[in-house]
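J.: Provided herewith is a single structure, encoded as structure tokens, for subsequent inquiry.
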Amino acid sequence: KCKTQLDKFLDDLEVSSSTGSGAGAPMLAHRTIARQIQLGTCIGKGRFGEVFIGEWKGEKVAVKIFISRDEKSWSRETEVYQTNMLRHSNLLRWIASDNKDTGTLTQLWLVTEYLPLGSLYDYLEKNTLSTTIGVQMLRSIAHGLSYLHAEVPGVNNQCIKPAIAHRDLKTKNILIKNDMTCAIADLGLAVRYMNGEIDIPENSRGGTVRYLAPEFLDETMVTNRFNSYVNLDIYALALVFWEVARRMEYSLVAWGALPYEPPYFEFVPRDPTIEEMRQCVCVEGHRPTIPDDWKNSGAMIEITRIVQECWANNPNSRHTALNIRCSLDNLKASSKILSQSLNSQESVS
Ligand code: ADP
Ligand code: MG
Ligand code: MG
């Protein structure tokens with residue numbers, strides 16, 4: 001694929017900043033980009049910001065605008081995106097952050113690559129998926145998350161990339177790229193772990209109520225251990241996988257896919273409270289229903305296994321993202337072999 005003007009610009013920036021042009025310098029250059037962007041239509045709304053399409057020298061970008069009251073979330077998300085080595089094809093690509101004085105108030109901008117297919121949530125509501133595309137999506141999410149979670153060590157025990165826990169993983173915070181793989185977005189609540197220390201942001205709250213793990217809901221979570229946050233992500237990942245799996249046409253008939261529903265739709269109302277979720281997940285011990293058909297259908301057997309092992313009550317018995325990634329890589333490889341042998345049977349007959 002050919003690189004756009006923006007890609008080239010950012011690659012050059014990265015090279016110049018990693019060769020030590022001094023702290024703050026890359027940020028200034030990034031701000032220059034932000035100042036050259038024209039805003040277009042609104043494409044999304046979240047808890048903190050409104051997201052607009054923007055245009056930089058003819059290329060489309062996404063601009064999330066925070067109001068000044070939410071400066072903490074803007075600076076946190078900016079800080080996390082500026083983490084060394086955060087670029088990965090399954091993490092949304094950050095381009096720039098800037099503040100703009102409109103005269104009466106300060107707007108805080110966070111500029112990222114624009115993904116026209118939007119969020120996984122919006123996509124699943126309207127579309128079903130083939131098994132191949134579905135597995136590909138799950139795999140790409142696992143790739144993004146395992147990279148986020150990984151600490152990359154450097155020389156002299158100085159780590160190059162901190163381990164990062166997302167803390168608000170859900171289908172609304174995962175975007176779809178044009179090749180139908182996914183990119184994890186919305187790093188506003190993320191926590192980092194480097195050289196034995198966690199940096200939990202001041203305004204620290206939990207993520208989205210529906211996706212909160214049992215240990216968070218019943219307050220048994222060990223809050224000063226980084227791995228606790230990783231385990232929360234894995235639980236939320238299981239719920240995301242369940243949402244995607246329901247939309248997969250795993251059998252040869254189109255009605256293999258079920259209507260889109262959010263996790264726990266059978267048990268809790270639209271905007272559940274923490275207490276309602278605690279009752280459902282901890283007291284009654286519910287988990288989203290696994291359809292009987294999944295238990296005897298190729299890829300769905302493996303996906304069901306991953307999902308059930310990742311939403312386990314005991315946070316320490318859940319898999320690591322790396323482990324899930326490997327299982328899905330194997331699943332993809334084996335389904336390739338399967339479809340190849342099906343094709344060769346066809347050509348024989
Ligand atoms: P918040 O922190 O307020 O939740 P998000 O970063 O999650 O904001 O963005 C809100 C919504 O805007 C997303 O759920 C998605 O639908 C849309 N969106 C965000 N960033 C992009 C992007 N880069 N490309 C396309 N849509 C986006
Ligand atoms: Mg969001
Ligand atoms: Mg957010």
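By order of appearance in the structure tokens: chains A, B, ..., then residues from 1 within every chain, and ligands from 1 in the order shown.
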If you count only C-alpha atoms and all ligand atoms, which residues end up within 6 Å of ligand 3, as a list in words?
T.: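 Those within range of ligand 3 are Phe48, Asp186 and Gly188 of chain A.
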J.: For the residues selected in the previous step, produce a file with C-alpha atoms as a PDB file, in the first residue's frame.
T.:
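This is the output file again-v4.pdb:
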```pdb
ATOM      1  CA  PHE A  48     -16.096  12.798  26.992  1.00  0.00           C
ATOM      2  CA  ASP A 186     -10.180   5.488  23.390  1.00  0.00           C
ATOM      3  CA  GLY A 188      -8.544   7.912  28.075  1.00  0.00           C
TER       4      GLY A 188
END
```
J.: Using only C-alpha atoms and all ligand atoms, which residues have at least one atom no more than 10 Å from ligand 2? Output them as a VMD selection string.
T.: chain A and resid 44 to 50 119 168 to 174 185 to 189 207 to 208
J.: Please write the residues from the selection above to a file, keeping N, CA and C atoms, as a short mmCIF file (atom, residue, chain, number, x, y, z; two decimals), in the first residue's frame.
T.:
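Below is the file that was written, out.cif:
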```
data_model
loop_
_atom_site.label_atom_id
_atom_site.label_comp_id
_atom_site.auth_asym_id
_atom_site.auth_seq_id
_atom_site.Cartn_x
_atom_site.Cartn_y
_atom_site.Cartn_z
N GLY A 44 -19.37 10.94 15.79
CA GLY A 44 -19.52 10.09 16.97
C GLY A 44 -19.54 10.88 18.25
N LYS A 45 -20.14 10.27 19.26
CA LYS A 45 -20.22 10.90 20.56
C LYS A 45 -19.88 9.87 21.60
N GLY A 46 -19.06 10.22 22.57
CA GLY A 46 -18.76 9.29 23.64
C GLY A 46 -19.01 9.98 24.96
N ARG A 47 -18.40 9.44 25.99
CA ARG A 47 -18.62 9.97 27.32
C ARG A 47 -17.97 11.34 27.47
N PHE A 48 -16.83 11.55 26.80
CA PHE A 48 -16.10 12.80 26.99
C PHE A 48 -16.18 13.74 25.82
N GLY A 49 -16.06 13.19 24.63
CA GLY A 49 -15.91 14.12 23.52
C GLY A 49 -16.91 13.88 22.41
N GLU A 50 -16.88 14.81 21.46
CA GLU A 50 -17.58 14.62 20.22
C GLU A 50 -16.52 14.43 19.16
N SER A 119 -17.27 2.33 14.61
CA SER A 119 -17.02 1.42 15.73
C SER A 119 -17.56 0.03 15.45
N ASP A 168 -11.26 0.31 29.55
CA ASP A 168 -12.61 0.63 29.05
C ASP A 168 -12.84 -0.07 27.72
N LEU A 169 -12.44 -1.33 27.70
CA LEU A 169 -12.58 -2.11 26.48
C LEU A 169 -14.05 -2.45 26.27
N LYS A 170 -14.57 -2.17 25.08
CA LYS A 170 -15.96 -2.50 24.72
C LYS A 170 -16.10 -2.27 23.23
N THR A 171 -17.20 -2.76 22.65
CA THR A 171 -17.33 -2.66 21.19
C THR A 171 -17.40 -1.21 20.69
N LYS A 172 -17.83 -0.28 21.55
CA LYS A 172 -17.86 1.13 21.13
C LYS A 172 -16.47 1.74 21.08
N ASN A 173 -15.51 1.12 21.76
CA ASN A 173 -14.15 1.66 21.76
C ASN A 173 -13.20 0.86 20.88
N ILE A 174 -13.77 0.06 19.98
CA ILE A 174 -12.97 -0.66 19.00
C ILE A 174 -13.46 -0.22 17.64
N ALA A 185 -9.32 1.68 20.38
CA ALA A 185 -9.30 3.14 20.51
C ALA A 185 -9.66 3.57 21.93
N ASP A 186 -9.73 4.88 22.13
CA ASP A 186 -10.18 5.49 23.39
C ASP A 186 -9.32 5.08 24.59
N LEU A 187 -8.13 5.63 24.63
CA LEU A 187 -7.19 5.26 25.69
C LEU A 187 -7.27 6.19 26.91
N GLY A 188 -8.40 6.91 27.02
CA GLY A 188 -8.54 7.91 28.08
C GLY A 188 -8.49 7.39 29.51
N LEU A 189 -8.73 6.10 29.71
CA LEU A 189 -8.72 5.56 31.08
C LEU A 189 -7.54 4.63 31.34
N GLY A 207 -14.38 1.63 34.31
CA GLY A 207 -14.82 1.77 32.92
C GLY A 207 -16.34 1.77 32.83
N THR A 208 -16.86 1.20 31.75
CA THR A 208 -18.29 1.16 31.50
C THR A 208 -18.95 0.07 32.35
#
```
J.: Write out as a PDB file with N, CA and C atoms, in the first residue's frame the set of residues from range 87-126 of chain A that DSSP, computed on the backbone, places in strand (DSSP E or B).
T.:
```pdb
ATOM      1  N   LEU A  91      -3.942  -0.795  16.960  1.00  0.00           N
ATOM      2  CA  LEU A  91      -4.252   0.284  17.908  1.00  0.00           C
ATOM      3  C   LEU A  91      -4.511   1.522  17.065  1.00  0.00           C
ATOM      4  N   TRP A  94      -2.579   7.688  16.691  1.00  0.00           N
ATOM      5  CA  TRP A  94      -2.662   9.069  17.135  1.00  0.00           C
ATOM      6  C   TRP A  94      -1.854   9.948  16.188  1.00  0.00           C
ATOM      7  N   ILE A  95      -2.372  11.128  15.909  1.00  0.00           N
ATOM      8  CA  ILE A  95      -1.660  12.038  15.013  1.00  0.00           C
ATOM      9  C   ILE A  95      -1.200  13.308  15.737  1.00  0.00           C
ATOM     10  N   ALA A  96      -2.104  13.908  16.501  1.00  0.00           N
ATOM     11  CA  ALA A  96      -1.739  15.167  17.154  1.00  0.00           C
ATOM     12  C   ALA A  96      -2.700  15.496  18.287  1.00  0.00           C
ATOM     13  N   SER A  97      -2.257  16.333  19.195  1.00  0.00           N
ATOM     14  CA  SER A  97      -3.141  16.912  20.215  1.00  0.00           C
ATOM     15  C   SER A  97      -2.865  18.401  20.246  1.00  0.00           C
ATOM     16  N   ASP A  98      -3.900  19.176  20.514  1.00  0.00           N
ATOM     17  CA  ASP A  98      -3.704  20.633  20.546  1.00  0.00           C
ATOM     18  C   ASP A  98      -4.846  21.272  21.324  1.00  0.00           C
ATOM     19  N   ASN A  99      -4.599  22.469  21.852  1.00  0.00           N
ATOM     20  CA  ASN A  99      -5.720  23.219  22.417  1.00  0.00           C
ATOM     21  C   ASN A  99      -5.972  24.456  21.576  1.00  0.00           C
ATOM     22  N   LYS A 100      -7.249  24.768  21.395  1.00  0.00           N
ATOM     23  CA  LYS A 100      -7.626  25.878  20.520  1.00  0.00           C
ATOM     24  C   LYS A 100      -8.494  26.846  21.302  1.00  0.00           C
ATOM     25  N   ASP A 101      -8.094  28.094  21.282  1.00  0.00           N
ATOM     26  CA  ASP A 101      -8.871  29.109  21.973  1.00  0.00           C
ATOM     27  C   ASP A 101      -9.903  29.673  21.008  1.00  0.00           C
ATOM     28  N   THR A 106     -11.867  27.169  25.722  1.00  0.00           N
ATOM     29  CA  THR A 106     -10.767  26.437  25.108  1.00  0.00           C
ATOM     30  C   THR A 106     -11.244  25.065  24.672  1.00  0.00           C
ATOM     31  N   GLN A 107     -11.003  24.768  23.401  1.00  0.00           N
ATOM     32  CA  GLN A 107     -11.324  23.432  22.890  1.00  0.00           C
ATOM     33  C   GLN A 107     -10.074  22.593  22.937  1.00  0.00           C
ATOM     34  N   LEU A 108     -10.228  21.350  23.347  1.00  0.00           N
ATOM     35  CA  LEU A 108      -9.077  20.463  23.378  1.00  0.00           C
ATOM     36  C   LEU A 108      -9.253  19.417  22.292  1.00  0.00           C
ATOM     37  N   TRP A 109      -8.277  19.345  21.417  1.00  0.00           N
ATOM     38  CA  TRP A 109      -8.358  18.444  20.265  1.00  0.00           C
ATOM     39  C   TRP A 109      -7.453  17.234  20.414  1.00  0.00           C
ATOM     40  N   LEU A 110      -7.984  16.097  19.980  1.00  0.00           N
ATOM     41  CA  LEU A 110      -7.161  14.898  19.874  1.00  0.00           C
ATOM     42  C   LEU A 110      -7.389  14.356  18.463  1.00  0.00           C
ATOM     43  N   VAL A 111      -6.337  14.386  17.669  1.00  0.00           N
ATOM     44  CA  VAL A 111      -6.456  14.012  16.252  1.00  0.00           C
ATOM     45  C   VAL A 111      -5.912  12.606  16.050  1.00  0.00           C
ATOM     46  N   THR A 112      -6.694  11.770  15.375  1.00  0.00           N
ATOM     47  CA  THR A 112      -6.250  10.394  15.078  1.00  0.00           C
ATOM     48  C   THR A 112      -6.556  10.069  13.623  1.00  0.00           C
ATOM     49  N   GLU A 113      -6.098   8.919  13.171  1.00  0.00           N
ATOM     50  CA  GLU A 113      -6.485   8.483  11.834  1.00  0.00           C
ATOM     51  C   GLU A 113      -7.999   8.306  11.806  1.00  0.00           C
ATOM     52  N   SER A 119     -17.273   2.332  14.612  1.00  0.00           N
ATOM     53  CA  SER A 119     -17.017   1.423  15.733  1.00  0.00           C
ATOM     54  C   SER A 119     -17.560   0.027  15.454  1.00  0.00           C
TER      55      SER A 119
END
```
J.: Set the distance at 8 Å and use only C-alpha atoms: which residues neighbour range 140-151 of chain A once local chain neighbours fewer than 3 positions away are removed? I'd like the list as a PyMOL selection string.
T.: chain A and resi 86+88-91+136-137+159-166+181-184+193-194+230+320-322+324-325
J.: Can you write out the residues you just picked, keeping N, CA and C atoms, as a PDB file, in the first residue's frame?
T.:
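Listed below is the output, again14.pdb:
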```
ATOM      1  N   LEU A  86       4.050   3.180  20.793  1.00  0.00           N
ATOM      2  CA  LEU A  86       2.641   2.781  20.867  1.00  0.00           C
ATOM      3  C   LEU A  86       2.040   2.462  19.503  1.00  0.00           C
ATOM      4  N   HIS A  88       0.916   0.501  16.459  1.00  0.00           N
ATOM      5  CA  HIS A  88       0.657  -0.905  16.132  1.00  0.00           C
ATOM      6  C   HIS A  88      -0.563  -0.905  15.216  1.00  0.00           C
ATOM      7  N   SER A  89      -0.595  -1.839  14.261  1.00  0.00           N
ATOM      8  CA  SER A  89      -1.687  -1.781  13.287  1.00  0.00           C
ATOM      9  C   SER A  89      -3.056  -2.064  13.913  1.00  0.00           C
ATOM     10  N   ASN A  90      -3.097  -2.611  15.131  1.00  0.00           N
ATOM     11  CA  ASN A  90      -4.391  -2.844  15.768  1.00  0.00           C
ATOM     12  C   ASN A  90      -4.668  -1.923  16.948  1.00  0.00           C
ATOM     13  N   LEU A  91      -3.942  -0.795  16.960  1.00  0.00           N
ATOM     14  CA  LEU A  91      -4.252   0.284  17.908  1.00  0.00           C
ATOM     15  C   LEU A  91      -4.511   1.522  17.065  1.00  0.00           C
ATOM     16  N   GLN A 136     -11.005 -13.232  11.967  1.00  0.00           N
ATOM     17  CA  GLN A 136      -9.997 -12.221  11.656  1.00  0.00           C
ATOM     18  C   GLN A 136     -10.115 -11.008  12.596  1.00  0.00           C
ATOM     19  N   MET A 137     -11.364 -10.595  12.854  1.00  0.00           N
ATOM     20  CA  MET A 137     -11.583  -9.462  13.743  1.00  0.00           C
ATOM     21  C   MET A 137     -11.136  -9.778  15.170  1.00  0.00           C
ATOM     22  N   CYS A 159      12.812  -0.056  30.584  1.00  0.00           N
ATOM     23  CA  CYS A 159      11.889  -0.579  29.590  1.00  0.00           C
ATOM     24  C   CYS A 159      11.623   0.461  28.514  1.00  0.00           C
ATOM     25  N   ILE A 160      11.425  -0.017  27.294  1.00  0.00           N
ATOM     26  CA  ILE A 160      11.200   0.882  26.152  1.00  0.00           C
ATOM     27  C   ILE A 160       9.724   1.231  26.042  1.00  0.00           C
ATOM     28  N   LYS A 161       8.894   0.204  26.193  1.00  0.00           N
ATOM     29  CA  LYS A 161       7.455   0.451  26.156  1.00  0.00           C
ATOM     30  C   LYS A 161       6.847  -0.076  27.445  1.00  0.00           C
ATOM     31  N   PRO A 162       6.065   0.752  28.159  1.00  0.00           N
ATOM     32  CA  PRO A 162       5.429   0.260  29.376  1.00  0.00           C
ATOM     33  C   PRO A 162       4.299  -0.710  29.035  1.00  0.00           C
ATOM     34  N   ALA A 163       3.923  -1.535  29.979  1.00  0.00           N
ATOM     35  CA  ALA A 163       2.714  -2.342  29.822  1.00  0.00           C
ATOM     36  C   ALA A 163       1.540  -1.390  30.037  1.00  0.00           C
ATOM     37  N   ILE A 164       0.473  -1.559  29.261  1.00  0.00           N
ATOM     38  CA  ILE A 164      -0.679  -0.663  29.386  1.00  0.00           C
ATOM     39  C   ILE A 164      -1.954  -1.484  29.508  1.00  0.00           C
ATOM     40  N   ALA A 165      -2.777  -1.157  30.499  1.00  0.00           N
ATOM     41  CA  ALA A 165      -4.100  -1.780  30.600  1.00  0.00           C
ATOM     42  C   ALA A 165      -5.112  -0.743  30.126  1.00  0.00           C
ATOM     43  N   HIS A 166      -6.102  -1.159  29.343  1.00  0.00           N
ATOM     44  CA  HIS A 166      -7.021  -0.219  28.696  1.00  0.00           C
ATOM     45  C   HIS A 166      -8.074   0.327  29.653  1.00  0.00           C
ATOM     46  N   THR A 181     -10.031  -5.594   9.722  1.00  0.00           N
ATOM     47  CA  THR A 181      -9.413  -5.899  11.002  1.00  0.00           C
ATOM     48  C   THR A 181      -9.763  -4.736  11.930  1.00  0.00           C
ATOM     49  N   CYS A 182      -9.446  -4.867  13.213  1.00  0.00           N
ATOM     50  CA  CYS A 182      -9.878  -3.854  14.179  1.00  0.00           C
ATOM     51  C   CYS A 182      -8.721  -3.056  14.751  1.00  0.00           C
ATOM     52  N   ALA A 183      -9.056  -1.877  15.260  1.00  0.00           N
ATOM     53  CA  ALA A 183      -8.082  -1.050  15.973  1.00  0.00           C
ATOM     54  C   ALA A 183      -8.714  -0.653  17.304  1.00  0.00           C
ATOM     55  N   ILE A 184      -7.981  -0.868  18.387  1.00  0.00           N
ATOM     56  CA  ILE A 184      -8.459  -0.489  19.720  1.00  0.00           C
ATOM     57  C   ILE A 184      -8.275   1.017  19.893  1.00  0.00           C
ATOM     58  N   TYR A 193       2.304   0.706  33.297  1.00  0.00           N
ATOM     59  CA  TYR A 193       3.140   0.043  34.305  1.00  0.00           C
ATOM     60  C   TYR A 193       4.557  -0.055  33.775  1.00  0.00           C
ATOM     61  N   MET A 194       5.475   0.591  34.501  1.00  0.00           N
ATOM     62  CA  MET A 194       6.850   0.623  34.022  1.00  0.00           C
ATOM     63  C   MET A 194       7.792   0.598  35.208  1.00  0.00           C
ATOM     64  N   VAL A 230      -5.038  -5.683  34.055  1.00  0.00           N
ATOM     65  CA  VAL A 230      -4.938  -6.545  32.874  1.00  0.00           C
ATOM     66  C   VAL A 230      -6.077  -7.571  32.896  1.00  0.00           C
ATOM     67  N   THR A 320      -4.031 -14.886  29.299  1.00  0.00           N
ATOM     68  CA  THR A 320      -3.380 -13.632  28.918  1.00  0.00           C
ATOM     69  C   THR A 320      -3.788 -13.314  27.480  1.00  0.00           C
ATOM     70  N   ALA A 321      -3.669 -12.043  27.104  1.00  0.00           N
ATOM     71  CA  ALA A 321      -4.011 -11.649  25.733  1.00  0.00           C
ATOM     72  C   ALA A 321      -3.115 -12.372  24.731  1.00  0.00           C
ATOM     73  N   LEU A 322      -1.869 -12.589  25.122  1.00  0.00           N
ATOM     74  CA  LEU A 322      -0.927 -13.269  24.233  1.00  0.00           C
ATOM     75  C   LEU A 322      -1.370 -14.702  23.954  1.00  0.00           C
ATOM     76  N   ILE A 324      -4.474 -15.816  24.127  1.00  0.00           N
ATOM     77  CA  ILE A 324      -5.679 -15.760  23.292  1.00  0.00           C
ATOM     78  C   ILE A 324      -5.284 -15.519  21.837  1.00  0.00           C
ATOM     79  N   ARG A 325      -4.315 -14.650  21.677  1.00  0.00           N
ATOM     80  CA  ARG A 325      -3.801 -14.340  20.345  1.00  0.00           C
ATOM     81  C   ARG A 325      -3.283 -15.610  19.668  1.00  0.00           C
TER      82      ARG A 325
END
```
J.: For a quick check of understanding, using only C-alpha atoms, which of A:Val135, A:Pro269, A:Ile43, A:Gln38 has the smallest distance to Met248 in chain A?
T.: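 Result for the nearest residue to Met248 in chain A: A:Val135.
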J.: Quick one: DSSP helix (DSSP H, G or I) residues in range 97-219 of chain A, as a PyMOL selection string?
T.: chain A and resi 120-126+131-149+155-157+171-173+209-211+214-217
J.: Could you write out that same residue set with C-alpha atoms as a compact mmCIF listing (two decimals), in the first residue's frame?
T.:
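The result, written out as out-v5.txt:
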```
# COMPACT_ATOMS: atom_id res chain seq x y z
CA LEU A 120 -17.40 -2.34 16.04
CA TYR A 121 -20.61 -1.68 17.97
CA ASP A 122 -22.19 0.34 15.14
CA TYR A 123 -21.01 -2.23 12.61
CA LEU A 124 -22.36 -5.26 14.48
CA GLU A 125 -25.72 -3.60 14.93
CA LYS A 126 -26.17 -3.39 11.17
CA THR A 131 -16.69 -16.88 9.98
CA THR A 132 -13.48 -15.85 8.23
CA ILE A 133 -14.03 -12.14 8.82
CA GLY A 134 -15.27 -12.75 12.38
CA VAL A 135 -12.21 -14.80 13.35
CA GLN A 136 -10.00 -12.22 11.66
CA MET A 137 -11.58 -9.46 13.74
CA LEU A 138 -11.20 -11.34 17.03
CA ARG A 139 -7.62 -12.12 16.13
CA SER A 140 -6.81 -8.50 15.38
CA ILE A 141 -8.33 -7.34 18.67
CA ALA A 142 -6.24 -9.94 20.53
CA HIS A 143 -3.14 -8.76 18.65
CA GLY A 144 -3.81 -5.13 19.59
CA LEU A 145 -4.53 -5.96 23.23
CA SER A 146 -1.52 -8.24 23.66
CA TYR A 147 0.70 -5.49 22.28
CA LEU A 148 -0.90 -2.93 24.60
CA HIS A 149 -0.41 -5.25 27.60
CA VAL A 155 18.97 -2.37 27.83
CA ASN A 156 19.96 -2.01 31.51
CA ASN A 157 16.48 -2.99 32.75
CA THR A 171 -17.33 -2.66 21.19
CA LYS A 172 -17.86 1.13 21.13
CA ASN A 173 -14.15 1.66 21.76
CA VAL A 209 -20.62 -0.44 34.08
CA ARG A 210 -21.90 -3.25 31.82
CA TYR A 211 -18.33 -4.46 31.18
CA PRO A 214 -16.97 -9.40 39.15
CA GLU A 215 -13.94 -8.49 41.30
CA PHE A 216 -14.44 -4.80 40.49
CA LEU A 217 -18.18 -4.97 41.18
```
J.: Range 53-56 of chain A: which residues within 8 Å, counting only C-alpha atoms, same-chain residues fewer than 6 positions away excluded, as a CSV table (one decimal) with C-alpha atoms, in the first residue's frame?
T.:
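Output (part.csv):
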```
chain,number,residue,atom,x,y,z
A,33,ILE,CA,-0.6,19.6,12.0
A,36,GLN,CA,-3.9,23.1,9.7
A,37,ILE,CA,-7.0,20.9,10.0
A,38,GLN,CA,-10.5,22.0,8.8
A,39,LEU,CA,-13.4,20.4,10.7
A,40,GLY,CA,-16.3,18.6,8.9
A,41,THR,CA,-19.3,16.7,10.2
A,42,CYS,CA,-19.8,15.0,13.6
A,43,ILE,CA,-19.3,11.2,13.4
A,62,ALA,CA,-10.7,12.2,13.0
A,63,VAL,CA,-10.8,15.0,15.6
A,114,TYR,CA,-10.0,8.4,10.5
```
J.: What does the structure give for the distance between CA of Glu59 in chain A and CA of Met85 in chain A, in Å to one decimal?
T.: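 It comes out at 24.1 Å.
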